[in-house]
Amino acid sequence: MKRNIKNLTIPELQDYLVSVSEPKYRANQIFQKIYVQRVATFDEIANLPKSLRQKLTNDFDISSFNSSKSQHSSDGTIKFLFELKDGSAIESVLIPCEYTDEAKKNRRTLCISSQAGCSLNCTFCATGKLKFKRNLSASEIVDQVLAVEKQIGSKLTNIVFMGMGEPLLNYENVKKAVEILTNPEIQLIKKKKLTISTAGIIPKIIQLADDNLPVKLALSLHAPTQDLRKKLMPSAGKWKFDELIESIEYYYRKTKTPVTFEYILFEGLNDRPEDIKRLAKLAKRVPAKINLIPFHTIEFTNPTGFASELKPASKGKIQWFRKELLKLDVQSFQRTSSGLDIDAACGQLALKSLRENKQ
Ligand code: SF4
């Protein structure tokens with residue numbers, strides 16, 4: 001089976017070229033043509049000798065997806081469903097700009113997937129119901145960006161690994177994709193405009209800090225205590241809460257990059273005055289901001305037990321929560337409920353596609 005050329009970083013492509021008796025400098029030419037001019041076949045790379053174009057055609061594939069579908073929301077959100085070569089389905093979501101100030105008005109953020117399905121089974125998440133299928137390759141990660149840019153006809157300004165899967169459990173491929181996406185020669189995305197959002201895999205947070213990748217880190221916190229966090233995110237039980245926050249402090253000490261805490265607000269569960277105090281105390285341990293996220297219900301998954309009790313906090317409650325955090329000098333932002341008129345919850349479109357394929 002042919003490898004996908006988008007799984008190769010520049011040094012890896014140079015190694016390949018040497019192995020087929022071609023000069024290393026061709027690697028940059030190939031990168032330019034694939035990622036800047038977006039050729040669809042190796043034959044289109046006119047500045048390469050025909051013999052090398054033939055070698056590339058024999059040895060590599062250039063695209064990762066069989067097909068793509070999209071759903072457009074009236075608020076500007078676009079949800080993409082990509083079918084991979086093995087038939088797995090993954091999602092990416094283009095989030096419209098949520099800011100009104102001029103500097104941020106043209107922001108186009110794409111939320112991308114790192115795995116097909118997910119093993120962590122968070123109670124509030126539809127992707128968890130899909131179960132884990134496999135890690136995505138670097139090319140399948142990078143191709144989400146290229147496919148969406150092609151469809152919308154403009155460049156993305158921000159990327160966040162917050163779609164299907166836990167990126168830090170696919171560390172090597174995510175790292176390689178980051179290396180390709182931020183390569184200064186092709187600059188698909190600017191350094192630090194790429195965020196990795198994790199459910200809190202401590203050893204990998206440490207590794208991310210040590211590797212000093214050009215990314216920002218977001219922690220899906222969602223609860224200010226270990227007891228509630230374990231209920232919402234069963235994987236949290238593997239590590240102590242204090243150790244998780246210490247790993248975030250370590251990350252900041254090593255990278256000097258402020259951290260984001262993601263916090264979905266559930267009615268009556270984590271939206272009380274005592275939660276605000278605890279959350280503010282945690283957020284002050286490193287330079288950080290808190291993103292308050294409305295809950296997209298997952299009733300379509302027929303949840304049972306604790307998951308069936310989860311209700312979204314009201315808009316008014318989220319506004320109040322934010323104001324109280326600001327009073328305590330904690331920077332916080334309220335994310336809008338993007339794409340409520342389409343299959344908005346993470347994993348919803350992929351789950352629907354899986355069910356349709358089974359019928
Ligand atoms: S919220 Fe993220 S980590 Fe949790 S099950 Fe969903 S995709 Fe996996």
# chains A, B, ... in the order shown; residues from 1 in each chain; ligands from 1
call {"tool": "residues_near_ligand", "arguments": {"ligand": "ligand 1", "cutoff": "8 Å", "atoms": "only C-alpha atoms and all ligand atoms", "output": "ChimeraX atom specification"}}
result
/A:117-129,162-166,198-199,220,233,346-347
call {"tool": "residues_around", "arguments": {"residues": "Ile78 of chain A", "least_positions_apart": "4", "cutoff": "8 Å", "atoms": "only C-alpha atoms", "output": "list in words"}}
result
Ser70, Gln71, His72, Ser73, Val93, Leu94, Ile95 and Gly339 of chain A
call {"tool": "write_last_selection", "arguments": {"atoms": "N, CA and C atoms", "output": "PDB file, in the first residue's frame"}}
result
ATOM      1  N   SER A  70     -20.934  18.622   4.009  1.00  0.00           N
ATOM      2  CA  SER A  70     -20.943  19.728   4.978  1.00  0.00           C
ATOM      3  C   SER A  70     -22.359  20.159   5.302  1.00  0.00           C
ATOM      4  N   GLN A  71     -22.512  20.731   6.507  1.00  0.00           N
ATOM      5  CA  GLN A  71     -23.799  21.283   6.938  1.00  0.00           C
ATOM      6  C   GLN A  71     -23.547  22.732   7.314  1.00  0.00           C
ATOM      7  N   HIS A  72     -24.393  23.634   6.836  1.00  0.00           N
ATOM      8  CA  HIS A  72     -24.196  25.068   7.098  1.00  0.00           C
ATOM      9  C   HIS A  72     -25.244  25.561   8.097  1.00  0.00           C
ATOM     10  N   SER A  73     -24.791  26.250   9.117  1.00  0.00           N
ATOM     11  CA  SER A  73     -25.725  26.795  10.103  1.00  0.00           C
ATOM     12  C   SER A  73     -26.038  28.244   9.742  1.00  0.00           C
ATOM     13  N   VAL A  93     -15.093  21.325  12.420  1.00  0.00           N
ATOM     14  CA  VAL A  93     -16.115  22.375  12.508  1.00  0.00           C
ATOM     15  C   VAL A  93     -15.469  23.743  12.325  1.00  0.00           C
ATOM     16  N   LEU A  94     -15.988  24.495  11.380  1.00  0.00           N
ATOM     17  CA  LEU A  94     -15.522  25.868  11.176  1.00  0.00           C
ATOM     18  C   LEU A  94     -16.381  26.769  12.050  1.00  0.00           C
ATOM     19  N   ILE A  95     -15.714  27.451  12.972  1.00  0.00           N
ATOM     20  CA  ILE A  95     -16.460  28.268  13.930  1.00  0.00           C
ATOM     21  C   ILE A  95     -16.403  29.723  13.484  1.00  0.00           C
ATOM     22  N   GLY A 339     -23.870  26.837  15.820  1.00  0.00           N
ATOM     23  CA  GLY A 339     -24.448  25.776  15.005  1.00  0.00           C
ATOM     24  C   GLY A 339     -25.559  24.978  15.645  1.00  0.00           C
TER      25      GLY A 339
END
call {"tool": "residues_around", "arguments": {"residues": "Gly200 of chain A", "least_positions_apart": "5", "cutoff": "12 Å", "atoms": "only C-alpha atoms", "output": "ChimeraX atom specification"}}
result
/A:120,166-169,205-206,208,217-222,229-230,233-248,261-262
call {"tool": "residues_around", "arguments": {"residues": "Ile264 of chain A", "least_positions_apart": "6", "cutoff": "7 Å", "atoms": "only C-alpha atoms", "output": "list in words"}}
result
His222, Leu292, Ile293, Pro294 and Phe295 of chain A
call {"tool": "select_by_dssp", "arguments": {"residues": "segment 21-73 of chain A", "states": "strand (DSSP E or B)", "output": "PyMOL selection string"}}
result
chain A and resi 60-61+65-72
call {"tool": "closest_residue", "arguments": {"among": "A:Ser63, A:Lys190, A:Ile30, A:Lys6", "to": "Asn173 of chain A", "atoms": "only C-alpha atoms"}}
result
A:Lys6
call {"tool": "closest_residue", "arguments": {"among": "A:Leu194, A:Asn58, A:Val36, A:Tyr171", "to": "Leu110 of chain A", "atoms": "only C-alpha atoms"}}
result
A:Leu194
call {"tool": "closest_residue", "arguments": {"among": "A:Ile189, A:Leu265, A:Cys97, A:Ala223", "to": "Lys315 of chain A", "atoms": "only C-alpha atoms"}}
result
A:Leu265
call {"tool": "select_by_dssp", "arguments": {"residues": "segment 85-144 of chain A", "states": "helix (DSSP H, G or I)", "output": "list of chain:residue names"}}
result
A:Glu102, A:Ala103, A:Lys104, A:Ala126, A:Thr127, A:Gly128, A:Lys129, A:Ala138, A:Ser139, A:Glu140, A:Ile141, A:Val142, A:Asp143, A:Gln144
call {"tool": "closest_residue", "arguments": {"among": "A:Lys193, A:Lys317, A:Lys281, A:Lys204", "to": "Thr257 of chain A", "atoms": "only C-alpha atoms"}}
result
A:Lys193
call {"tool": "residues_around", "arguments": {"residues": "Ala116 of chain A", "least_positions_apart": "3", "cutoff": "7 Å", "atoms": "only C-alpha atoms", "output": "PyMOL selection string"}}
result
chain A and resi 88-90+132-136+164-165
call {"tool": "closest_residue", "arguments": {"among": "A:Lys327, A:Lys85, A:Lys79, A:Lys2", "to": "Asn66 of chain A", "atoms": "only C-alpha atoms"}}
result
A:Lys85
call {"tool": "atom_distance", "arguments": {"atom1": "atom CA of Phe306 of chain A", "atom2": "atom CA of Asn270 of chain A"}}
result
14.0 Å
call {"tool": "residues_around", "arguments": {"residues": "Ser21 of chain A", "least_positions_apart": "4", "cutoff": "12 Å", "atoms": "only C-alpha atoms", "output": "VMD selection string"}}
result
chain A and resid 14 to 17 26 51 to 52 55
call {"tool": "write_last_selection", "arguments": {"atoms": "N, CA and C atoms", "output": "JSON list (two decimals), in the first residue's frame"}}
result
[["chain", "number", "residue", "atom", "x", "y", "z"],
["A", 14, "GLN", "N", 13.25, 14.48, 2.69],
["A", 14, "GLN", "CA", 14.65, 14.53, 2.23],
["A", 14, "GLN", "C", 15.28, 13.14, 2.28],
["A", 15, "ASP", "N", 15.00, 12.39, 3.35],
["A", 15, "ASP", "CA", 15.54, 11.02, 3.47],
["A", 15, "ASP", "C", 15.04, 10.16, 2.31],
["A", 16, "TYR", "N", 13.74, 10.31, 2.00],
["A", 16, "TYR", "CA", 13.17, 9.54, 0.88],
["A", 16, "TYR", "C", 13.91, 9.90, -0.41],
["A", 17, "LEU", "N", 14.08, 11.20, -0.64],
["A", 17, "LEU", "CA", 14.72, 11.63, -1.89],
["A", 17, "LEU", "C", 16.13, 11.06, -2.02],
["A", 26, "ARG", "N", 14.90, 19.16, -3.39],
["A", 26, "ARG", "CA", 13.58, 18.96, -4.01],
["A", 26, "ARG", "C", 12.46, 18.90, -2.96],
["A", 51, "SER", "N", 11.07, 11.92, -14.34],
["A", 51, "SER", "CA", 11.43, 10.66, -13.66],
["A", 51, "SER", "C", 11.07, 10.74, -12.17],
["A", 52, "LEU", "N", 11.29, 11.90, -11.54],
["A", 52, "LEU", "CA", 10.95, 12.04, -10.11],
["A", 52, "LEU", "C", 9.43, 12.07, -9.92],
["A", 55, "LYS", "N", 8.41, 8.56, -9.88],
["A", 55, "LYS", "CA", 8.75, 7.88, -8.61],
["A", 55, "LYS", "C", 7.74, 8.24, -7.52]]
call {"tool": "residues_around", "arguments": {"residues": "Thr225 of chain A", "least_positions_apart": "6", "cutoff": "9 Å", "atoms": "only C-alpha atoms", "output": "list in words"}}
result
Phe241, Asp275, Arg278 and Leu279 of chain A
call {"tool": "atom_distance", "arguments": {"atom1": "atom CA of Gln187 of chain A", "atom2": "atom CA of Ala46 of chain A"}}
result
21.9 Å
